[in-house]
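Novice: What follows is a structure written as structure tokens; I'll ask about it next.
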Amino acid sequence: MKVLVLHGINLNMFGKRDPAQYGTTTLAEINDRLATLGAELGVEVETFQSNCEGSLCERIHQAHGEPVDAVLINAGAWTHYSYGIRDALAILHCPIVELHMSNVHAREPFRHQSVFADVVIGQIAGFGADSYGLALRAAVQHVRARSA
Ligand code: DQA
């Protein structure tokens with residue numbers, strides 16, 4: 001099983017952003033933890049980050065032709081308004097899990113909306129860096145249950 005993890009705009013700055021919202025863990029550390037958990041769960045994990053909306057869309061298009069079993073996405077602020085990324089995600093046939101480090105629903109009103117909500121199987125938010133591990137476990141469990 002292969003899981004593609006997509007990190008969107010400004011997430012390369014984790015570790016330098018507001019620690020009250022995002023803690024102090026860097027994106028490299030998050031990717032290392034995902035690789036370790038992936039090995040434990042017996043799944044291949046690939047990570048991709050971009051600050052360019054078009055590049056993220058193109059990585060999603062590429063995933064359409066690849067043997068990707070699930071996608072995790074933290075698109076950062078794009079979550080709240082990018083219909084381009086939403087439409088790219090809608091092309092995929094595999095399950096998609098949306099996640100956020102912070103509890104977006106306890107923050108500014110513009111963060112309460114996700115334009116991805118109807119194209120993902122579920123959302124995880126508010127557990128800091130652990131949101132990634134929880135999202136990976138949720139995606140793997142979902143795929144395994146579906147193919148059992
Ligand atoms: C975020 C929440 C978004 O509202 C914000 O724009 C981010 C990070 C999170 O992980 O909590 O950049 O997606």
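Chains: A, B, ... in order of the structure tokens. Residues: from 1 per chain. Ligands: from 1, in order shown.
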Please list as a PyMOL selection string every residue within 9 Å of Lys16 of chain A, counting only C-alpha atoms and excluding residues in the same chain fewer than 4 positions away.
Specialist: chain A and resi 22-26
Novice: Could you please take those selected residues and save N, CA, C and O atoms as a PDB file, in the first residue's frame?
Specialist:
```pdb
ATOM      1  N   TYR A  22       1.017  25.734  16.179  1.00  0.00           N
ATOM      2  CA  TYR A  22       1.649  24.684  15.386  1.00  0.00           C
ATOM      3  C   TYR A  22       2.790  23.947  16.100  1.00  0.00           C
ATOM      4  O   TYR A  22       3.445  23.093  15.492  1.00  0.00           O
ATOM      5  N   GLY A  23       3.030  24.280  17.383  1.00  0.00           N
ATOM      6  CA  GLY A  23       4.116  23.618  18.089  1.00  0.00           C
ATOM      7  C   GLY A  23       5.468  23.990  17.501  1.00  0.00           C
ATOM      8  O   GLY A  23       5.589  25.014  16.799  1.00  0.00           O
ATOM      9  N   THR A  24       6.461  23.166  17.768  1.00  0.00           N
ATOM     10  CA  THR A  24       7.820  23.505  17.330  1.00  0.00           C
ATOM     11  C   THR A  24       8.409  22.433  16.403  1.00  0.00           C
ATOM     12  O   THR A  24       9.573  22.512  16.011  1.00  0.00           O
ATOM     13  N   THR A  25       7.603  21.445  16.089  1.00  0.00           N
ATOM     14  CA  THR A  25       8.083  20.358  15.224  1.00  0.00           C
ATOM     15  C   THR A  25       8.258  20.872  13.793  1.00  0.00           C
ATOM     16  O   THR A  25       7.391  21.587  13.280  1.00  0.00           O
ATOM     17  N   THR A  26       9.351  20.504  13.156  1.00  0.00           N
ATOM     18  CA  THR A  26       9.586  20.938  11.774  1.00  0.00           C
ATOM     19  C   THR A  26       8.922  19.957  10.796  1.00  0.00           C
ATOM     20  O   THR A  26       8.586  18.821  11.166  1.00  0.00           O
TER      21      THR A  26
END
```
Novice: Find the residues near segment 48-57 of chain A: any atom within 6 Å, counting only C-alpha atoms, skip ones fewer than 2 places away on the same chain, and give them as a list in words.
Specialist: Leu6, His7, Gly8, Ile9, Arg59, Ile60, Ile85 and Ala88 of chain A
Novice: Can I get the selection written as a tab-separated table (two decimals), in the first residue's frame, with C-alpha atoms?
Specialist:
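The result, written out as result-v1.tsv:
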```
chain	number	residue	atom	x	y	z
A	6	LEU	CA	0.67	16.47	0.45
A	7	HIS	CA	1.83	19.54	2.36
A	8	GLY	CA	0.66	22.91	1.08
A	9	ILE	CA	1.52	26.54	1.41
A	59	ARG	CA	1.41	16.43	-8.15
A	60	ILE	CA	-2.24	15.48	-7.61
A	85	ILE	CA	-6.93	22.06	-5.53
A	88	ALA	CA	-7.83	18.29	-8.64
```
Novice: Can you build me a table of chain A residues sitting at most 6 Å from ligand 1, with the closest atom pair per residue and its distance in Å to one decimal, using only C-alpha atoms and all ligand atoms, sorted by chain and residue number, as a Markdown table?
Specialist:
```
| residue | atom | partner | partner_atom_place_in_ligand_line | distance |
| --- | --- | --- | --- | --- |
| A:Asn10 | CA | ligand 1 | 12 (O) | 5.9 |
| A:Asn74 | CA | ligand 1 | 13 (O) | 5.4 |
| A:Ala75 | CA | ligand 1 | 13 (O) | 5.9 |
| A:Gly76 | CA | ligand 1 | 12 (O) | 3.4 |
| A:Ala77 | CA | ligand 1 | 6 (O) | 3.3 |
| A:His100 | CA | ligand 1 | 10 (O) | 3.4 |
| A:Met101 | CA | ligand 1 | 10 (O) | 3.7 |
| A:Ser102 | CA | ligand 1 | 11 (O) | 3.6 |
| A:Val104 | CA | ligand 1 | 4 (O) | 5.8 |
| A:Arg111 | CA | ligand 1 | 4 (O) | 5.0 |
```
Novice: Env of Asp87 of chain A: 10 Å cut, atoms = only C-alpha atoms, seq-sep filter 6 positions within chain, self excluded. Answer as a list of chain:residue names.
Specialist: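 Non-adjacent residues within range: A:Cys57, A:Val115, A:Phe116, A:Val119.
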Novice: A:Leu11, A:Ile30, A:Met1, A:Cys94: which is nearest Val43 of chain A, counting only C-alpha atoms?
Specialist: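 Checking each of A:Leu11, A:Ile30, A:Met1, A:Cys94 against Val43 of chain A, counting only C-alpha atoms, the winner is A:Met1.
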Novice: Record the distance separating atom CA of Ser114 of chain A and atom CA of Pro95 of chain A, expressed in Å with one decimal.
Specialist: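 Going from atom CA of Ser114 of chain A over to atom CA of Pro95 of chain A covers 16.6 Å.
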Novice: From a DSSP calculation on the backbone, collect every residue of chain A in strand (DSSP E) and output the set as a PyMOL selection string.
Specialist: chain A and resi 2-7+44-49+70-74+96-100+122-125
Novice: Just want the 12 Å neighbourhood of Asp130 of chain A, counted on only C-alpha atoms, with same-chain residues fewer than 2 positions away dropped. Output as a short mmCIF file (atom, residue, chain, number, x, y, z; two decimals) with all heavy atoms, in the first residue's frame.
Specialist:
```cif
data_model
loop_
_atom_site.label_atom_id
_atom_site.label_comp_id
_atom_site.auth_asym_id
_atom_site.auth_seq_id
_atom_site.Cartn_x
_atom_site.Cartn_y
_atom_site.Cartn_z
N TYR A 22 1.02 25.73 16.18
CA TYR A 22 1.65 24.68 15.39
C TYR A 22 2.79 23.95 16.10
O TYR A 22 3.45 23.09 15.49
CB TYR A 22 2.19 25.28 14.07
CG TYR A 22 1.13 26.03 13.29
CD1 TYR A 22 1.25 27.40 13.02
CD2 TYR A 22 -0.02 25.38 12.84
CE1 TYR A 22 0.27 28.08 12.31
CE2 TYR A 22 -1.01 26.06 12.13
CZ TYR A 22 -0.85 27.41 11.87
OH TYR A 22 -1.82 28.08 11.18
N GLY A 23 3.03 24.28 17.38
CA GLY A 23 4.12 23.62 18.09
C GLY A 23 5.47 23.99 17.50
O GLY A 23 5.59 25.01 16.80
N THR A 25 7.60 21.44 16.09
CA THR A 25 8.08 20.36 15.22
C THR A 25 8.26 20.87 13.79
O THR A 25 7.39 21.59 13.28
CB THR A 25 7.05 19.20 15.24
OG1 THR A 25 6.73 18.90 16.59
CG2 THR A 25 7.60 17.96 14.57
N GLU A 29 10.88 16.78 10.50
CA GLU A 29 10.61 15.83 11.61
C GLU A 29 9.27 15.11 11.39
O GLU A 29 9.15 13.91 11.65
CB GLU A 29 10.61 16.57 12.95
CG GLU A 29 12.01 16.99 13.39
CD GLU A 29 12.03 18.02 14.52
OE1 GLU A 29 11.00 18.68 14.79
OE2 GLU A 29 13.11 18.19 15.11
N ILE A 30 8.27 15.87 10.93
CA ILE A 30 6.97 15.25 10.64
C ILE A 30 7.13 14.17 9.58
O ILE A 30 6.62 13.06 9.70
CB ILE A 30 5.95 16.33 10.20
CG1 ILE A 30 5.55 17.18 11.41
CG2 ILE A 30 4.72 15.71 9.54
CD1 ILE A 30 4.77 18.44 11.06
N ASN A 31 7.89 14.49 8.53
CA ASN A 31 8.09 13.50 7.45
C ASN A 31 8.84 12.27 7.95
O ASN A 31 8.50 11.14 7.58
CB ASN A 31 8.84 14.15 6.28
CG ASN A 31 7.95 15.11 5.49
OD1 ASN A 31 6.73 15.03 5.58
ND2 ASN A 31 8.56 16.00 4.74
N ARG A 33 8.75 11.11 11.04
CA ARG A 33 7.82 10.34 11.87
C ARG A 33 6.84 9.56 10.99
O ARG A 33 6.47 8.43 11.32
CB ARG A 33 7.02 11.27 12.78
CG ARG A 33 7.85 11.84 13.91
CD ARG A 33 6.96 12.66 14.81
NE ARG A 33 7.73 13.57 15.62
CZ ARG A 33 7.21 14.49 16.43
NH1 ARG A 33 5.90 14.61 16.53
NH2 ARG A 33 7.97 15.28 17.14
N LEU A 34 6.42 10.18 9.89
CA LEU A 34 5.49 9.48 8.98
C LEU A 34 6.17 8.27 8.35
O LEU A 34 5.54 7.21 8.20
CB LEU A 34 5.00 10.44 7.89
CG LEU A 34 3.93 11.43 8.32
CD1 LEU A 34 3.72 12.50 7.25
CD2 LEU A 34 2.60 10.72 8.62
N LEU A 37 6.30 5.57 11.09
CA LEU A 37 4.98 4.98 11.32
C LEU A 37 4.55 4.15 10.10
O LEU A 37 3.97 3.06 10.25
CB LEU A 37 3.94 6.08 11.61
CG LEU A 37 2.52 5.60 11.88
CD1 LEU A 37 2.45 4.65 13.08
CD2 LEU A 37 1.58 6.79 12.10
N LEU A 99 -6.18 17.02 6.90
CA LEU A 99 -5.74 17.20 8.29
C LEU A 99 -5.15 18.57 8.52
O LEU A 99 -4.72 19.25 7.57
CB LEU A 99 -4.72 16.12 8.66
CG LEU A 99 -3.33 16.30 8.05
CD1 LEU A 99 -2.30 16.58 9.12
CD2 LEU A 99 -2.97 15.09 7.24
N HIS A 100 -5.19 18.96 9.80
CA HIS A 100 -4.61 20.23 10.24
C HIS A 100 -3.94 20.03 11.58
O HIS A 100 -4.45 19.28 12.43
CB HIS A 100 -5.70 21.30 10.35
CG HIS A 100 -6.41 21.51 9.05
ND1 HIS A 100 -5.87 22.24 8.03
CD2 HIS A 100 -7.58 21.00 8.59
CE1 HIS A 100 -6.70 22.20 6.99
NE2 HIS A 100 -7.74 21.45 7.30
N MET A 101 -2.85 20.72 11.79
CA MET A 101 -2.17 20.71 13.10
C MET A 101 -3.08 21.37 14.13
O MET A 101 -3.28 20.85 15.22
CB MET A 101 -0.89 21.53 13.02
CG MET A 101 0.18 20.94 12.17
SD MET A 101 1.31 20.01 13.21
CE MET A 101 2.76 21.05 13.09
N SER A 102 -3.58 22.56 13.79
CA SER A 102 -4.37 23.34 14.75
C SER A 102 -5.84 22.96 14.66
O SER A 102 -6.28 22.37 13.67
CB SER A 102 -4.20 24.84 14.46
OG SER A 102 -4.69 25.15 13.17
N ILE A 124 -9.10 15.54 10.24
CA ILE A 124 -8.49 15.47 11.57
C ILE A 124 -7.84 16.82 11.82
O ILE A 124 -7.09 17.31 10.98
CB ILE A 124 -7.46 14.32 11.64
CG1 ILE A 124 -8.21 12.99 11.57
CG2 ILE A 124 -6.61 14.41 12.91
CD1 ILE A 124 -7.36 11.77 11.44
N ALA A 125 -8.15 17.43 12.98
CA ALA A 125 -7.61 18.76 13.25
C ALA A 125 -7.42 18.94 14.75
O ALA A 125 -8.25 18.48 15.55
CB ALA A 125 -8.55 19.84 12.73
N GLY A 126 -6.34 19.60 15.12
CA GLY A 126 -6.20 20.03 16.51
C GLY A 126 -5.25 19.22 17.36
O GLY A 126 -5.10 19.50 18.55
N PHE A 127 -4.58 18.23 16.79
CA PHE A 127 -3.71 17.38 17.59
C PHE A 127 -2.23 17.68 17.35
O PHE A 127 -1.36 16.85 17.63
CB PHE A 127 -4.01 15.90 17.30
CG PHE A 127 -5.41 15.52 17.71
CD1 PHE A 127 -6.46 15.56 16.80
CD2 PHE A 127 -5.69 15.17 19.02
CE1 PHE A 127 -7.76 15.24 17.18
CE2 PHE A 127 -6.98 14.85 19.43
CZ PHE A 127 -8.02 14.88 18.51
N GLY A 128 -1.95 18.87 16.83
CA GLY A 128 -0.55 19.24 16.58
C GLY A 128 0.07 18.28 15.58
O GLY A 128 -0.61 17.75 14.69
N TYR A 132 -0.85 14.19 11.99
CA TYR A 132 -0.34 13.45 10.82
C TYR A 132 -0.40 11.94 11.04
O TYR A 132 -0.83 11.19 10.18
CB TYR A 132 1.09 13.89 10.48
CG TYR A 132 1.13 15.23 9.78
CD1 TYR A 132 1.23 16.41 10.49
CD2 TYR A 132 1.03 15.29 8.39
CE1 TYR A 132 1.24 17.64 9.84
CE2 TYR A 132 1.05 16.51 7.73
CZ TYR A 132 1.15 17.67 8.47
OH TYR A 132 1.14 18.88 7.82
N GLY A 133 0.06 11.52 12.23
CA GLY A 133 0.05 10.09 12.53
C GLY A 133 -1.37 9.56 12.60
O GLY A 133 -1.67 8.46 12.10
N LEU A 134 -2.25 10.35 13.21
CA LEU A 134 -3.66 9.93 13.31
C LEU A 134 -4.27 9.82 11.91
O LEU A 134 -5.03 8.88 11.63
CB LEU A 134 -4.45 10.95 14.16
CG LEU A 134 -4.07 10.98 15.64
CD1 LEU A 134 -4.67 12.20 16.33
CD2 LEU A 134 -4.52 9.70 16.34
N ALA A 135 -3.94 10.77 11.04
CA ALA A 135 -4.49 10.74 9.68
C ALA A 135 -3.96 9.52 8.91
O ALA A 135 -4.70 8.87 8.17
CB ALA A 135 -4.13 12.04 8.95
N LEU A 136 -2.67 9.21 9.11
CA LEU A 136 -2.10 8.04 8.41
C LEU A 136 -2.78 6.76 8.90
O LEU A 136 -3.18 5.91 8.09
CB LEU A 136 -0.58 7.97 8.63
CG LEU A 136 0.13 6.81 7.92
CD1 LEU A 136 -0.07 6.87 6.40
CD2 LEU A 136 1.63 6.81 8.24
N ARG A 137 -2.95 6.64 10.21
CA ARG A 137 -3.62 5.45 10.75
C ARG A 137 -5.05 5.35 10.20
O ARG A 137 -5.51 4.26 9.84
CB ARG A 137 -3.66 5.49 12.28
CG ARG A 137 -2.34 5.21 12.93
CD ARG A 137 -2.46 5.24 14.46
NE ARG A 137 -1.17 5.19 15.11
CZ ARG A 137 -0.45 4.08 15.29
NH1 ARG A 137 -0.92 2.92 14.87
NH2 ARG A 137 0.73 4.13 15.88
#
```
Novice: Can you tell me which residues surround Gln113 of chain A at a distance of at most 10 Å, considering only C-alpha atoms, apart from same-chain residues fewer than 5 positions away, and format the answer as number ranges by chain?
Specialist: A: 79-81, 104-105
